[in-house]
$ cat structure.pdb   # PDB, C-alpha atoms
ATOM      1  CA  MET A   3      89.328 104.554  72.309
ATOM      2  CA  ILE A   4      88.807 104.259  76.067
ATOM      3  CA  ASP A   5      85.165 103.700  76.979
ATOM      4  CA  HIS A   6      84.042 106.787  78.902
ATOM      5  CA  ALA A   7      81.444 104.702  80.737
ATOM      6  CA  LEU A   8      84.281 103.107  82.703
ATOM      7  CA  PHE A   9      84.569 106.326  84.702
ATOM      8  CA  ASP A  10      80.915 106.373  85.756
ATOM      9  CA  PRO A  11      80.766 105.339  89.452
ATOM     10  CA  ALA A  12      77.487 103.590  88.694
ATOM     11  CA  ASN A  13      79.426 101.020  86.685
ATOM     12  CA  ILE A  14      81.605  99.873  89.584
ATOM     13  CA  ASP A  15      80.498  96.400  90.615
ATOM     14  CA  ALA A  16      79.461  95.593  94.193
ATOM     15  CA  GLU A  17      82.461  93.320  94.782
ATOM     16  CA  THR A  18      84.913  96.098  93.911
ATOM     17  CA  LYS A  19      83.067  98.686  96.016
ATOM     18  CA  ALA A  20      83.142  96.367  99.023
ATOM     19  CA  LEU A  21      86.846  95.640  98.574
ATOM     20  CA  ASN A  22      87.719  99.325  98.330
ATOM     21  CA  ALA A  23      85.766 100.090 101.504
ATOM     22  CA  GLU A  24      87.592  97.292 103.346
ATOM     23  CA  ILE A  25      90.986  98.606 102.204
ATOM     24  CA  VAL A  26      90.227 102.174 103.305
ATOM     25  CA  ALA A  27      88.984 100.951 106.703
ATOM     26  CA  ALA A  28      92.012  98.705 107.208
ATOM     27  CA  HIS A  29      94.443 101.529 106.475
ATOM     28  CA  ALA A  30      92.529 103.916 108.739
ATOM     29  CA  ALA A  31      92.870 101.422 111.601
ATOM     30  CA  GLN A  32      96.661 101.307 111.256
ATOM     31  CA  ALA A  33      99.321 103.789 112.255
ATOM     32  CA  ASP A  34     100.241 106.322 109.592
ATOM     33  CA  PRO A  35     103.322 104.768 107.912
ATOM     34  CA  TRP A  36     105.073 108.156 107.899
ATOM     35  CA  SER A  37     104.877 108.245 111.704
ATOM     36  CA  LEU A  38     107.032 105.108 111.926
ATOM     37  CA  PRO A  39     110.706 104.440 111.144
ATOM     38  CA  ILE A  40     111.215 103.231 107.576
ATOM     39  CA  GLU A  41     112.716  99.936 108.730
ATOM     40  CA  GLU A  42     109.617  99.209 110.832
ATOM     41  CA  VAL A  43     107.322  99.894 107.871
ATOM     42  CA  ARG A  44     109.440  97.633 105.695
ATOM     43  CA  ALA A  45     109.268  94.849 108.290
ATOM     44  CA  ARG A  46     105.491  95.206 108.690
ATOM     45  CA  ARG A  47     105.075  95.111 104.937
ATOM     46  CA  ARG A  48     107.093  91.920 104.661
ATOM     47  CA  ALA A  49     105.096  90.270 107.437
ATOM     48  CA  GLY A  50     101.808  91.499 105.974
ATOM     49  CA  THR A  51      99.013  93.555 107.500
ATOM     50  CA  GLN A  52      95.236  93.562 107.214
ATOM     51  CA  ALA A  53      95.489  96.428 104.723
ATOM     52  CA  SER A  54      98.339  94.854 102.772
ATOM     53  CA  PRO A  55      98.350  91.053 103.163
ATOM     54  CA  ALA A  56     101.681  89.423 102.411
ATOM     55  CA  MET A  57     101.899  87.185  99.371
ATOM     56  CA  PRO A  58     103.340  83.707  99.957
ATOM     57  CA  ARG A  59     107.005  83.216  99.070
ATOM     58  CA  SER A  60     107.652  80.636  96.362
ATOM     59  CA  PRO A  61     109.682  77.534  97.285
ATOM     60  CA  ARG A  62     110.789  77.462  93.642
ATOM     61  CA  ALA A  63     112.603  80.805  93.825
ATOM     62  CA  GLU A  64     116.373  80.987  93.552
ATOM     63  CA  ILE A  65     118.823  83.859  93.757
ATOM     64  CA  LEU A  66     121.097  84.730  90.870
ATOM     65  CA  THR A  67     123.767  87.341  91.626
ATOM     66  CA  ILE A  68     125.302  89.600  88.987
ATOM     67  CA  GLU A  69     127.671  92.544  89.155
ATOM     68  CA  GLY A  70     125.824  95.786  89.831
ATOM     69  CA  PRO A  71     126.823  99.465  90.011
ATOM     70  CA  GLY A  72     126.640  99.396  93.808
ATOM     71  CA  GLY A  73     128.124  95.922  94.266
ATOM     72  CA  PRO A  74     126.595  92.449  93.870
ATOM     73  CA  LEU A  75     123.029  92.685  92.567
ATOM     74  CA  ALA A  76     120.511  89.959  93.411
ATOM     75  CA  LEU A  77     117.914  88.746  90.921
ATOM     76  CA  ARG A  78     115.130  86.570  92.318
ATOM     77  CA  VAL A  79     114.486  83.886  89.708
ATOM     78  CA  ILE A  80     111.386  81.743  89.207
ATOM     79  CA  ARG A  81     111.660  79.343  86.285
ATOM     80  CA  PRO A  82     108.764  77.822  84.331
ATOM     81  CA  GLN A  83     107.900  74.207  85.008
ATOM     82  CA  GLY A  84     108.142  73.481  81.300
ATOM     83  CA  LYS A  85     110.514  74.663  78.580
ATOM     84  CA  ALA A  86     111.407  78.349  78.774
ATOM     85  CA  ARG A  87     110.089  80.475  75.893
ATOM     86  CA  GLY A  88     111.583  83.750  77.079
ATOM     87  CA  ALA A  89     112.250  85.918  80.129
ATOM     88  CA  TYR A  90     110.339  88.529  82.089
ATOM     89  CA  LEU A  91     112.374  91.144  83.975
ATOM     90  CA  HIS A  92     110.223  92.303  86.874
ATOM     91  CA  ILE A  93     110.694  95.505  88.897
ATOM     92  CA  HIS A  94     108.825  95.633  92.199
ATOM     93  CA  ARG A  95     106.600  98.332  93.677
ATOM     94  CA  GLY A  96     106.989 100.124  97.018
ATOM     95  CA  GLY A  97     107.516 103.802  96.300
ATOM     96  CA  TRP A  98     111.291 103.347  95.885
ATOM     97  CA  VAL A  99     111.489 103.223  99.708
ATOM     98  CA  TRP A 100     109.694  99.967 100.588
ATOM     99  CA  GLY A 101     109.197  96.618  98.900
ATOM    100  CA  ALA A 102     111.428  93.755  97.844
ATOM    101  CA  ALA A 103     111.910  91.257  95.039
ATOM    102  CA  ASP A 104     110.246  88.434  97.008
ATOM    103  CA  GLU A 105     106.934  90.184  97.721
ATOM    104  CA  GLN A 106     105.123  89.171  94.518
ATOM    105  CA  ASP A 107     106.093  85.548  93.893
ATOM    106  CA  PRO A 108     102.554  84.350  92.995
ATOM    107  CA  TRP A 109     102.403  86.836  90.091
ATOM    108  CA  LEU A 110     105.764  85.661  88.821
ATOM    109  CA  GLU A 111     104.894  81.986  89.221
ATOM    110  CA  ARG A 112     101.791  82.604  87.126
ATOM    111  CA  ILE A 113     103.761  84.316  84.369
ATOM    112  CA  ALA A 114     106.418  81.608  84.484
ATOM    113  CA  ASP A 115     103.949  78.746  84.128
ATOM    114  CA  THR A 116     101.334  80.359  81.882
ATOM    115  CA  CYS A 117     103.687  82.169  79.521
ATOM    116  CA  GLY A 118     106.755  79.935  79.817
ATOM    117  CA  PHE A 119     108.999  82.815  80.892
ATOM    118  CA  VAL A 120     111.903  82.748  83.300
ATOM    119  CA  CYS A 121     110.942  85.522  85.724
ATOM    120  CA  LEU A 122     113.664  87.637  87.317
ATOM    121  CA  SER A 123     112.817  90.291  89.917
ATOM    122  CA  VAL A 124     115.446  92.952  90.649
ATOM    123  CA  GLU A 125     116.459  93.575  94.276
ATOM    124  CA  TYR A 126     117.314  97.205  93.587
ATOM    125  CA  ARG A 127     118.669  99.613  96.191
ATOM    126  CA  LEU A 128     116.038 101.543  98.126
ATOM    127  CA  ALA A 129     115.708 105.240  98.937
ATOM    128  CA  PRO A 130     116.230 107.379 100.904
ATOM    129  CA  GLU A 131     119.469 105.563 101.755
ATOM    130  CA  HIS A 132     120.150 105.241  98.028
ATOM    131  CA  PRO A 133     118.380 108.083  96.199
ATOM    132  CA  TYR A 134     117.997 108.634  92.445
ATOM    133  CA  PRO A 135     119.525 107.241  90.285
ATOM    134  CA  ALA A 136     120.604 104.187  92.347
ATOM    135  CA  ALA A 137     117.460 102.093  91.779
ATOM    136  CA  LEU A 138     117.447 102.946  88.083
ATOM    137  CA  GLU A 139     121.111 102.052  87.685
ATOM    138  CA  ASP A 140     120.470  98.646  89.271
ATOM    139  CA  CYS A 141     117.550  97.979  86.910
ATOM    140  CA  GLU A 142     119.651  99.123  83.954
ATOM    141  CA  ALA A 143     122.431  96.718  84.976
ATOM    142  CA  ALA A 144     119.963  93.832  85.273
ATOM    143  CA  ALA A 145     118.483  94.590  81.843
ATOM    144  CA  LEU A 146     121.918  94.813  80.230
ATOM    145  CA  TRP A 147     122.952  91.506  81.759
ATOM    146  CA  LEU A 148     119.749  89.840  80.606
ATOM    147  CA  ALA A 149     120.080  91.265  77.085
ATOM    148  CA  GLY A 150     123.712  90.093  76.969
ATOM    149  CA  PRO A 151     125.185  87.090  78.809
ATOM    150  CA  GLY A 152     121.874  86.333  80.495
ATOM    151  CA  LYS A 153     120.308  85.136  77.259
ATOM    152  CA  ALA A 154     122.873  82.389  76.846
ATOM    153  CA  GLU A 155     122.956  81.523  80.560
ATOM    154  CA  LEU A 156     119.179  81.095  80.686
ATOM    155  CA  GLY A 157     118.857  79.624  77.201
ATOM    156  CA  ILE A 158     116.244  82.125  76.020
ATOM    157  CA  HIS A 159     115.796  84.804  73.337
ATOM    158  CA  ALA A 160     112.514  86.690  73.834
ATOM    159  CA  LEU A 161     112.806  89.363  76.540
ATOM    160  CA  THR A 162     109.990  91.282  78.248
ATOM    161  CA  ILE A 163     109.947  93.737  81.131
ATOM    162  CA  GLY A 164     107.388  95.076  83.568
ATOM    163  CA  GLY A 165     106.453  96.326  86.989
ATOM    164  CA  GLU A 166     103.859  97.942  89.193
ATOM    165  CA  SER A 167     103.652 101.548  90.403
ATOM    166  CA  VAL A 168     107.259 102.775  90.747
ATOM    167  CA  GLY A 169     108.285  99.456  89.198
ATOM    168  CA  ALA A 170     106.480 100.522  86.019
ATOM    169  CA  HIS A 171     108.298 103.877  86.211
ATOM    170  CA  LEU A 172     111.648 102.110  86.520
ATOM    171  CA  ALA A 173     110.762  99.733  83.668
ATOM    172  CA  VAL A 174     110.109 102.651  81.310
ATOM    173  CA  MET A 175     113.245 104.466  82.461
ATOM    174  CA  THR A 176     115.254 101.277  81.894
ATOM    175  CA  LEU A 177     113.948 101.004  78.324
ATOM    176  CA  LEU A 178     114.910 104.638  77.735
ATOM    177  CA  ARG A 179     118.424 104.059  79.058
ATOM    178  CA  LEU A 180     118.866 100.983  76.893
ATOM    179  CA  ARG A 181     117.832 103.033  73.854
ATOM    180  CA  ASP A 182     119.786 106.210  74.611
ATOM    181  CA  ARG A 183     122.931 104.926  76.327
ATOM    182  CA  HIS A 184     123.413 101.500  74.784
ATOM    183  CA  GLY A 185     121.767 101.601  71.354
ATOM    184  CA  LEU A 186     119.313  98.851  72.326
ATOM    185  CA  PRO A 187     115.844 100.320  71.698
ATOM    186  CA  ARG A 188     114.196  96.940  71.109
ATOM    187  CA  ALA A 189     116.208  94.626  73.324
ATOM    188  CA  PHE A 190     112.890  93.916  75.040
ATOM    189  CA  ARG A 191     109.872  92.962  72.966
ATOM    190  CA  GLY A 192     107.251  94.495  75.228
ATOM    191  CA  ALA A 193     106.470  96.062  78.593
ATOM    192  CA  ASN A 194     103.770  95.201  81.152
ATOM    193  CA  LEU A 195     103.127  98.477  82.985
ATOM    194  CA  ASN A 196     100.679  98.449  85.908
ATOM    195  CA  ALA A 197      99.604 101.792  87.422
ATOM    196  CA  GLY A 198     102.927 103.529  86.897
ATOM    197  CA  PHE A 199     104.152 106.670  88.665
ATOM    198  CA  TYR A 200     105.416 108.549  85.604
ATOM    199  CA  ASP A 201     105.346 112.206  86.726
ATOM    200  CA  LEU A 202     107.215 112.922  89.956
ATOM    201  CA  GLY A 203     106.006 116.500  89.705
ATOM    202  CA  LEU A 204     102.547 114.978  90.371
ATOM    203  CA  THR A 205      99.690 114.781  87.881
ATOM    204  CA  PRO A 206      96.295 116.348  88.658
ATOM    205  CA  SER A 207      94.751 113.051  89.810
ATOM    206  CA  VAL A 208      97.527 112.707  92.400
ATOM    207  CA  ARG A 209      97.280 116.298  93.609
ATOM    208  CA  LEU A 210      93.489 116.202  93.852
ATOM    209  CA  TRP A 211      93.132 112.789  95.502
ATOM    210  CA  GLY A 212      93.462 113.947  99.112
ATOM    211  CA  ASP A 213      93.908 112.069 102.377
ATOM    212  CA  GLU A 214      91.821 108.919 101.863
ATOM    213  CA  ARG A 215      94.259 106.022 101.755
ATOM    214  CA  LEU A 216      92.807 103.604  99.212
ATOM    215  CA  VAL A 217      96.167 101.792  99.231
ATOM    216  CA  ILE A 218      97.908 105.155  98.694
ATOM    217  CA  ASN A 219      97.018 108.841  98.896
ATOM    218  CA  THR A 220      98.433 112.212  97.885
ATOM    219  CA  THR A 221     100.791 112.416 100.872
ATOM    220  CA  ASP A 222     102.202 108.949 100.193
ATOM    221  CA  LEU A 223     103.037 109.736  96.582
ATOM    222  CA  LYS A 224     104.604 113.079  97.473
ATOM    223  CA  ARG A 225     106.697 111.449 100.211
ATOM    224  CA  PHE A 226     107.796 108.700  97.823
ATOM    225  CA  ALA A 227     109.039 111.306  95.345
ATOM    226  CA  ASP A 228     110.709 113.272  98.153
ATOM    227  CA  GLY A 229     112.570 110.159  99.304
ATOM    228  CA  TYR A 230     113.719 109.152  95.842
ATOM    229  CA  VAL A 231     114.740 112.486  94.323
ATOM    230  CA  ARG A 232     117.170 114.761  96.110
ATOM    231  CA  GLU A 233     116.258 118.389  96.694
ATOM    232  CA  GLY A 234     117.322 120.626  93.819
ATOM    233  CA  ILE A 235     116.669 118.092  91.041
ATOM    234  CA  ASP A 236     113.924 119.072  88.599
ATOM    235  CA  ARG A 237     111.315 116.352  89.026
ATOM    236  CA  ARG A 238     109.994 116.817  85.513
ATOM    237  CA  ARG A 239     113.314 116.234  83.803
ATOM    238  CA  PRO A 240     112.907 113.462  81.204
ATOM    239  CA  ASP A 241     115.549 111.374  82.969
ATOM    240  CA  VAL A 242     113.526 111.568  86.210
ATOM    241  CA  SER A 243     109.900 111.558  85.026
ATOM    242  CA  PRO A 244     109.489 109.468  81.871
ATOM    243  CA  LEU A 245     106.190 111.157  81.000
ATOM    244  CA  TYR A 246     108.313 114.020  79.619
ATOM    245  CA  ALA A 247     110.774 111.884  77.654
ATOM    246  CA  ASP A 248     110.960 111.250  73.923
ATOM    247  CA  LEU A 249     109.252 107.847  73.744
ATOM    248  CA  LYS A 250     109.900 107.016  70.091
ATOM    249  CA  GLY A 251     111.271 103.594  69.226
ATOM    250  CA  LEU A 252     110.179 101.766  72.371
ATOM    251  CA  PRO A 253     108.398  98.384  72.331
ATOM    252  CA  PRO A 254     104.640  97.795  72.658
ATOM    253  CA  ALA A 255     103.239  98.166  76.166
ATOM    254  CA  LEU A 256     100.214  96.978  78.089
ATOM    255  CA  PHE A 257      99.045  99.754  80.424
ATOM    256  CA  THR A 258      96.780  98.690  83.298
ATOM    257  CA  VAL A 259      95.047 101.005  85.777
ATOM    258  CA  GLY A 260      91.881 101.260  87.845
ATOM    259  CA  THR A 261      89.644 104.317  87.889
ATOM    260  CA  ALA A 262      89.951 104.561  91.708
ATOM    261  CA  ASP A 263      93.731 104.993  91.601
ATOM    262  CA  PRO A 264      95.404 108.331  92.457
ATOM    263  CA  LEU A 265      97.848 107.541  89.638
ATOM    264  CA  LEU A 266      95.070 107.296  87.036
ATOM    265  CA  ASP A 267      96.269 110.371  85.122
ATOM    266  CA  ASP A 268      99.821 109.010  84.986
ATOM    267  CA  THR A 269      98.656 105.984  83.000
ATOM    268  CA  LEU A 270      96.176 107.909  80.832
ATOM    269  CA  TYR A 271      98.802 110.497  79.915
ATOM    270  CA  MET A 272     101.652 108.041  79.405
ATOM    271  CA  SER A 273      99.614 105.598  77.344
ATOM    272  CA  ALA A 274      98.483 108.445  75.071
ATOM    273  CA  ARG A 275     102.073 109.576  74.570
ATOM    274  CA  TRP A 276     103.124 105.946  73.965
ATOM    275  CA  ALA A 277     100.469 105.658  71.261
ATOM    276  CA  ALA A 278     101.500 108.998  69.738
ATOM    277  CA  ALA A 279     105.084 107.688  69.536
ATOM    278  CA  ASN A 280     103.737 104.787  67.424
ATOM    279  CA  ASN A 281     105.021 102.154  69.817
ATOM    280  CA  GLY A 282     101.879 100.039  69.874
ATOM    281  CA  GLY A 283     100.203  98.216  72.714
ATOM    282  CA  HIS A 284      96.963  98.437  74.667
ATOM    283  CA  THR A 285      95.483 100.408  77.558
ATOM    284  CA  ALA A 286      93.177  98.559  79.974
ATOM    285  CA  VAL A 287      91.130 100.648  82.418
ATOM    286  CA  TYR A 288      89.090  98.881  85.116
ATOM    287  CA  ALA A 289      86.059 100.538  86.737
ATOM    288  CA  GLY A 290      86.649 101.085  90.445
ATOM    289  CA  GLY A 291      90.023  99.369  90.533
ATOM    290  CA  CYS A 292      92.266 100.679  93.323
ATOM    291  CA  HIS A 293      96.032 101.069  93.119
ATOM    292  CA  ILE A 294      97.538  97.715  92.044
ATOM    293  CA  PHE A 295      94.155  96.069  92.519
ATOM    294  CA  VAL A 296      95.583  92.839  91.104
ATOM    295  CA  ARG A 297      97.106  92.071  94.497
ATOM    296  CA  TYR A 298      93.602  91.463  95.880
ATOM    297  CA  PRO A 299      91.523  88.439  94.776
ATOM    298  CA  GLY A 300      88.387  89.048  92.743
ATOM    299  CA  SER A 301      86.855  89.046  89.292
ATOM    300  CA  LEU A 302      88.507  92.355  88.364
ATOM    301  CA  THR A 303      91.917  90.891  89.178
ATOM    302  CA  GLU A 304      91.313  87.722  87.173
ATOM    303  CA  ARG A 305      90.275  89.745  84.118
ATOM    304  CA  ALA A 306      93.377  91.903  84.357
ATOM    305  CA  LEU A 307      95.772  88.992  84.855
ATOM    306  CA  GLU A 308      94.284  87.071  81.937
ATOM    307  CA  LEU A 309      94.968  90.074  79.704
ATOM    308  CA  VAL A 310      98.565  90.229  80.987
ATOM    309  CA  ASP A 311      98.954  86.527  80.155
ATOM    310  CA  ARG A 312      97.723  87.048  76.591
ATOM    311  CA  PHE A 313      99.864  90.135  76.059
ATOM    312  CA  LEU A 314     103.070  88.494  77.255
ATOM    313  CA  MET A 315     102.467  85.204  75.445
ATOM    314  CA  ALA A 316     102.064  87.095  72.168
ATOM    315  CA  LEU A 317     105.586  88.478  72.603
ATOM    316  CA  ALA A 318     107.391  85.133  72.903
TER
END

$ encode --input "structure.pdb" --output "structure tokens"
Amino acid sequence: MIDHALFDPANIDAETKALNAEIVAAHAAQADPWSLPIEEVRARRRAGTQASPAMPRSPRAEILTIEGPGGPLALRVIRPQGKARGAYLHIHRGGWVWGAADEQDPWLERIADTCGFVCLSVEYRLAPEHPYPAALEDCEAAALWLAGPGKAELGIHALTIGGESVGAHLAVMTLLRLRDRHGLPRAFRGANLNAGFYDLGLTPSVRLWGDERLVINTTDLKRFADGYVREGIDRRRPDVSPLYADLKGLPPALFTVGTADPLLDDTLYMSARWAAANNGGHTAVYAGGCHIFVRYPGSLTERALELVDRFLMALA
């Protein structure tokens, strides 16, 4: 059972309140990203801004290239410093239109060294240049390679998958494709799903959030969906929005979300359906946490990352 007290604003600690106020102020001081060309927003994101500081790139990272549906597909690889116990296939955030595989190296270094996993982040094609299902097809190809020749090439057996925001969406959709198209429902032992965007038709918490940009707002999420899914496609089709899919036979999942996230309902709804499908796992809700709050330092982040470590290590 989820503790209802988590949703009481009185239970948000002072550190989290201060961080959220700083994020809102930093975004308000910047140009609206939708007023700028996409390439400029992508470049600013890579360089880092006050609202979205860039994470350092790892000197340990290497690029492994496999055959993808749209041509060569790059996987950014960070290996553990000790013996590899398994692999973690990571799918990055960015609303399908921004983001890159090298923007979260510290998270992957932590998983590599704490859990002993080879971490591989997929450099999938971005929308709107490459709309649905391009990104999903790239993630599917990466998962199939990892579940096939990749195991021998990397010398590992235990496979896990995960992502943040739209990366969590793509991780779930990849698991569904492995089950339905390739007869591989349990090729991956578990999924680490952080604040996923599971209903492109927009859940109530997204619709009701409004204009305040605490990392993201209602307009951002609607524009992300508009960029990814072409006009005329039903956004609540199970092959577009995994919240509406048959979820039976999928691996255990760790769902993480903060109560100050417009995508709160997406995680609450999806985790309930995951449990009803008897897949197993755990749902962790953090009082006052903003969207992907783990990218900002603080006690809330450390608690969440420690739980991710324990969840993934149990799957090796």

$ resolve_selection --input "structure.pdb" --expression "the PyMOL selection byres ((chain A and resi 175-178) around 10)" --output "JSON, numbers by chain"
{"A": [138, 139, 140, 141, 142, 143, 144, 145, 146, 163, 169, 170, 171, 172, 173, 174, 179, 180, 181, 182, 183, 184, 185, 186, 187, 188, 189, 190, 192, 193, 200, 240, 241, 242, 243, 244, 245, 247, 248, 249, 250, 251, 252, 253]}

$ residues_around --input "structure.pdb" --residues "Pro61 of chain A" --least-positions-apart "3" --cutoff "10 Å" --atoms "all atoms listed in the file" --output "list in words"
Pro58, Glu64, Ile80 and Asp107 of chain A

$ resolve_selection --input "structure.pdb" --expression "the PyMOL selection byres ((chain A and resi 11) around 12)" --output "ChimeraX atom specification"
/A:6-10,12-16,18-19,260-262,288-291

$ write_last_selection --input "structure.pdb" --atoms "C-alpha atoms" --output "CSV table (one decimal), in the frame of the given file"
chain,number,residue,atom,x,y,z
A,6,HIS,CA,84.0,106.8,78.9
A,7,ALA,CA,81.4,104.7,80.7
A,8,LEU,CA,84.3,103.1,82.7
A,9,PHE,CA,84.6,106.3,84.7
A,10,ASP,CA,80.9,106.4,85.8
A,12,ALA,CA,77.5,103.6,88.7
A,13,ASN,CA,79.4,101.0,86.7
A,14,ILE,CA,81.6,99.9,89.6
A,15,ASP,CA,80.5,96.4,90.6
A,16,ALA,CA,79.5,95.6,94.2
A,18,THR,CA,84.9,96.1,93.9
A,19,LYS,CA,83.1,98.7,96.0
A,260,GLY,CA,91.9,101.3,87.8
A,261,THR,CA,89.6,104.3,87.9
A,262,ALA,CA,90.0,104.6,91.7
A,288,TYR,CA,89.1,98.9,85.1
A,289,ALA,CA,86.1,100.5,86.7
A,290,GLY,CA,86.6,101.1,90.4
A,291,GLY,CA,90.0,99.4,90.5

$ closest_residue --input "structure.pdb" --among "A:Gly118, A:Pro35, A:Pro108, A:Pro133" --to "Arg312 of chain A" --atoms "all atoms listed in the file"
A:Gly118

$ closest_residue --input "structure.pdb" --among "A:Val296, A:Met315, A:Ile235, A:Val99" --to "Glu42 of chain A" --atoms "all atoms listed in the file"
A:Val99

$ residues_around --input "structure.pdb" --residues "Glu41 of chain A" --least-positions-apart "3" --cutoff "12 Å" --atoms "only C-alpha atoms" --output "PyMOL selection string"
chain A and resi 35-38+44-48+99-101+128-131

$ atom_distance --input "structure.pdb" --atom1 "atom CA of Trp211 of chain A" --atom2 "atom CA of Leu270 of chain A"
15.8 Å

$ atom_distance --input "structure.pdb" --atom1 "atom CA of Trp147 of chain A" --atom2 "atom CA of Asp115 of chain A"
23.0 Å

$ resolve_selection --input "structure.pdb" --expression "the PyMOL selection byres ((chain A and resi 214) around 12)" --output "list in words"
Asn22, Ala23, Ile25, Val26, Ala27, Ala28, His29, Ala30, Asp34, Val208, Leu210, Trp211, Gly212, Asp213, Arg215, Leu216, Val217, Ile218, Asn219, Thr220, Thr221, Asp222, Ala262, Asp263, Pro264 and Cys292 of chain A

$ decode --input "structure.pdb" --residues "segment 36-42 of chain A" --atoms "all heavy atoms" --output "PDB file, in the first residue's frame"
ATOM      1  N   TRP A  36       9.885  26.265 -26.396  1.00  0.00           N
ATOM      2  CA  TRP A  36       9.098  26.105 -27.626  1.00  0.00           C
ATOM      3  C   TRP A  36       9.149  27.348 -28.504  1.00  0.00           C
ATOM      4  O   TRP A  36       8.611  27.340 -29.621  1.00  0.00           O
ATOM      5  CB  TRP A  36       7.658  25.733 -27.273  1.00  0.00           C
ATOM      6  CG  TRP A  36       7.634  24.497 -26.426  1.00  0.00           C
ATOM      7  CD1 TRP A  36       7.310  24.409 -25.110  1.00  0.00           C
ATOM      8  CD2 TRP A  36       8.001  23.176 -26.838  1.00  0.00           C
ATOM      9  NE1 TRP A  36       7.444  23.110 -24.670  1.00  0.00           N
ATOM     10  CE2 TRP A  36       7.863  22.333 -25.708  1.00  0.00           C
ATOM     11  CE3 TRP A  36       8.432  22.620 -28.044  1.00  0.00           C
ATOM     12  CZ2 TRP A  36       8.142  20.962 -25.747  1.00  0.00           C
ATOM     13  CZ3 TRP A  36       8.704  21.260 -28.095  1.00  0.00           C
ATOM     14  CH2 TRP A  36       8.558  20.451 -26.961  1.00  0.00           C
ATOM     15  N   SER A  37       9.812  28.412 -28.001  1.00  0.00           N
ATOM     16  CA  SER A  37      10.006  29.610 -28.819  1.00  0.00           C
ATOM     17  C   SER A  37      11.326  29.548 -29.583  1.00  0.00           C
ATOM     18  O   SER A  37      11.620  30.452 -30.371  1.00  0.00           O
ATOM     19  CB  SER A  37       9.995  30.862 -27.932  1.00  0.00           C
ATOM     20  OG  SER A  37      11.153  30.911 -27.098  1.00  0.00           O
ATOM     21  N   LEU A  38      12.109  28.505 -29.359  1.00  0.00           N
ATOM     22  CA  LEU A  38      13.427  28.376 -29.964  1.00  0.00           C
ATOM     23  C   LEU A  38      13.454  27.197 -30.941  1.00  0.00           C
ATOM     24  O   LEU A  38      12.677  26.254 -30.803  1.00  0.00           O
ATOM     25  CB  LEU A  38      14.478  28.126 -28.868  1.00  0.00           C
ATOM     26  CG  LEU A  38      14.571  29.171 -27.751  1.00  0.00           C
ATOM     27  CD1 LEU A  38      15.514  28.681 -26.660  1.00  0.00           C
ATOM     28  CD2 LEU A  38      15.032  30.512 -28.309  1.00  0.00           C
ATOM     29  N   PRO A  39      14.355  27.218 -31.915  1.00  0.00           N
ATOM     30  CA  PRO A  39      14.519  26.059 -32.791  1.00  0.00           C
ATOM     31  C   PRO A  39      14.945  24.827 -31.976  1.00  0.00           C
ATOM     32  O   PRO A  39      15.680  24.945 -30.988  1.00  0.00           O
ATOM     33  CB  PRO A  39      15.633  26.488 -33.752  1.00  0.00           C
ATOM     34  CG  PRO A  39      15.656  27.973 -33.678  1.00  0.00           C
ATOM     35  CD  PRO A  39      15.253  28.334 -32.286  1.00  0.00           C
ATOM     36  N   ILE A  40      14.492  23.670 -32.392  1.00  0.00           N
ATOM     37  CA  ILE A  40      14.793  22.442 -31.657  1.00  0.00           C
ATOM     38  C   ILE A  40      16.297  22.240 -31.516  1.00  0.00           C
ATOM     39  O   ILE A  40      16.785  21.850 -30.450  1.00  0.00           O
ATOM     40  CB  ILE A  40      14.138  21.227 -32.353  1.00  0.00           C
ATOM     41  CG1 ILE A  40      12.638  21.244 -32.121  1.00  0.00           C
ATOM     42  CG2 ILE A  40      14.730  19.911 -31.837  1.00  0.00           C
ATOM     43  CD1 ILE A  40      11.894  20.113 -32.800  1.00  0.00           C
ATOM     44  N   GLU A  41      17.050  22.501 -32.567  1.00  0.00           N
ATOM     45  CA  GLU A  41      18.493  22.280 -32.502  1.00  0.00           C
ATOM     46  C   GLU A  41      19.147  23.185 -31.455  1.00  0.00           C
ATOM     47  O   GLU A  41      20.107  22.781 -30.792  1.00  0.00           O
ATOM     48  CB  GLU A  41      19.136  22.516 -33.879  1.00  0.00           C
ATOM     49  CG  GLU A  41      18.866  21.402 -34.881  1.00  0.00           C
ATOM     50  CD  GLU A  41      19.377  20.054 -34.402  1.00  0.00           C
ATOM     51  OE1 GLU A  41      20.326  20.011 -33.594  1.00  0.00           O
ATOM     52  OE2 GLU A  41      18.823  19.026 -34.820  1.00  0.00           O
ATOM     53  N   GLU A  42      18.624  24.405 -31.288  1.00  0.00           N
ATOM     54  CA  GLU A  42      19.181  25.297 -30.272  1.00  0.00           C
ATOM     55  C   GLU A  42      18.873  24.767 -28.870  1.00  0.00           C
ATOM     56  O   GLU A  42      19.733  24.807 -27.979  1.00  0.00           O
ATOM     57  CB  GLU A  42      18.627  26.708 -30.442  1.00  0.00           C
ATOM     58  CG  GLU A  42      19.223  27.695 -29.448  1.00  0.00           C
ATOM     59  CD  GLU A  42      18.790  29.126 -29.692  1.00  0.00           C
ATOM     60  OE1 GLU A  42      18.293  29.418 -30.796  1.00  0.00           O
ATOM     61  OE2 GLU A  42      18.953  29.951 -28.761  1.00  0.00           O
TER      62      GLU A  42
END
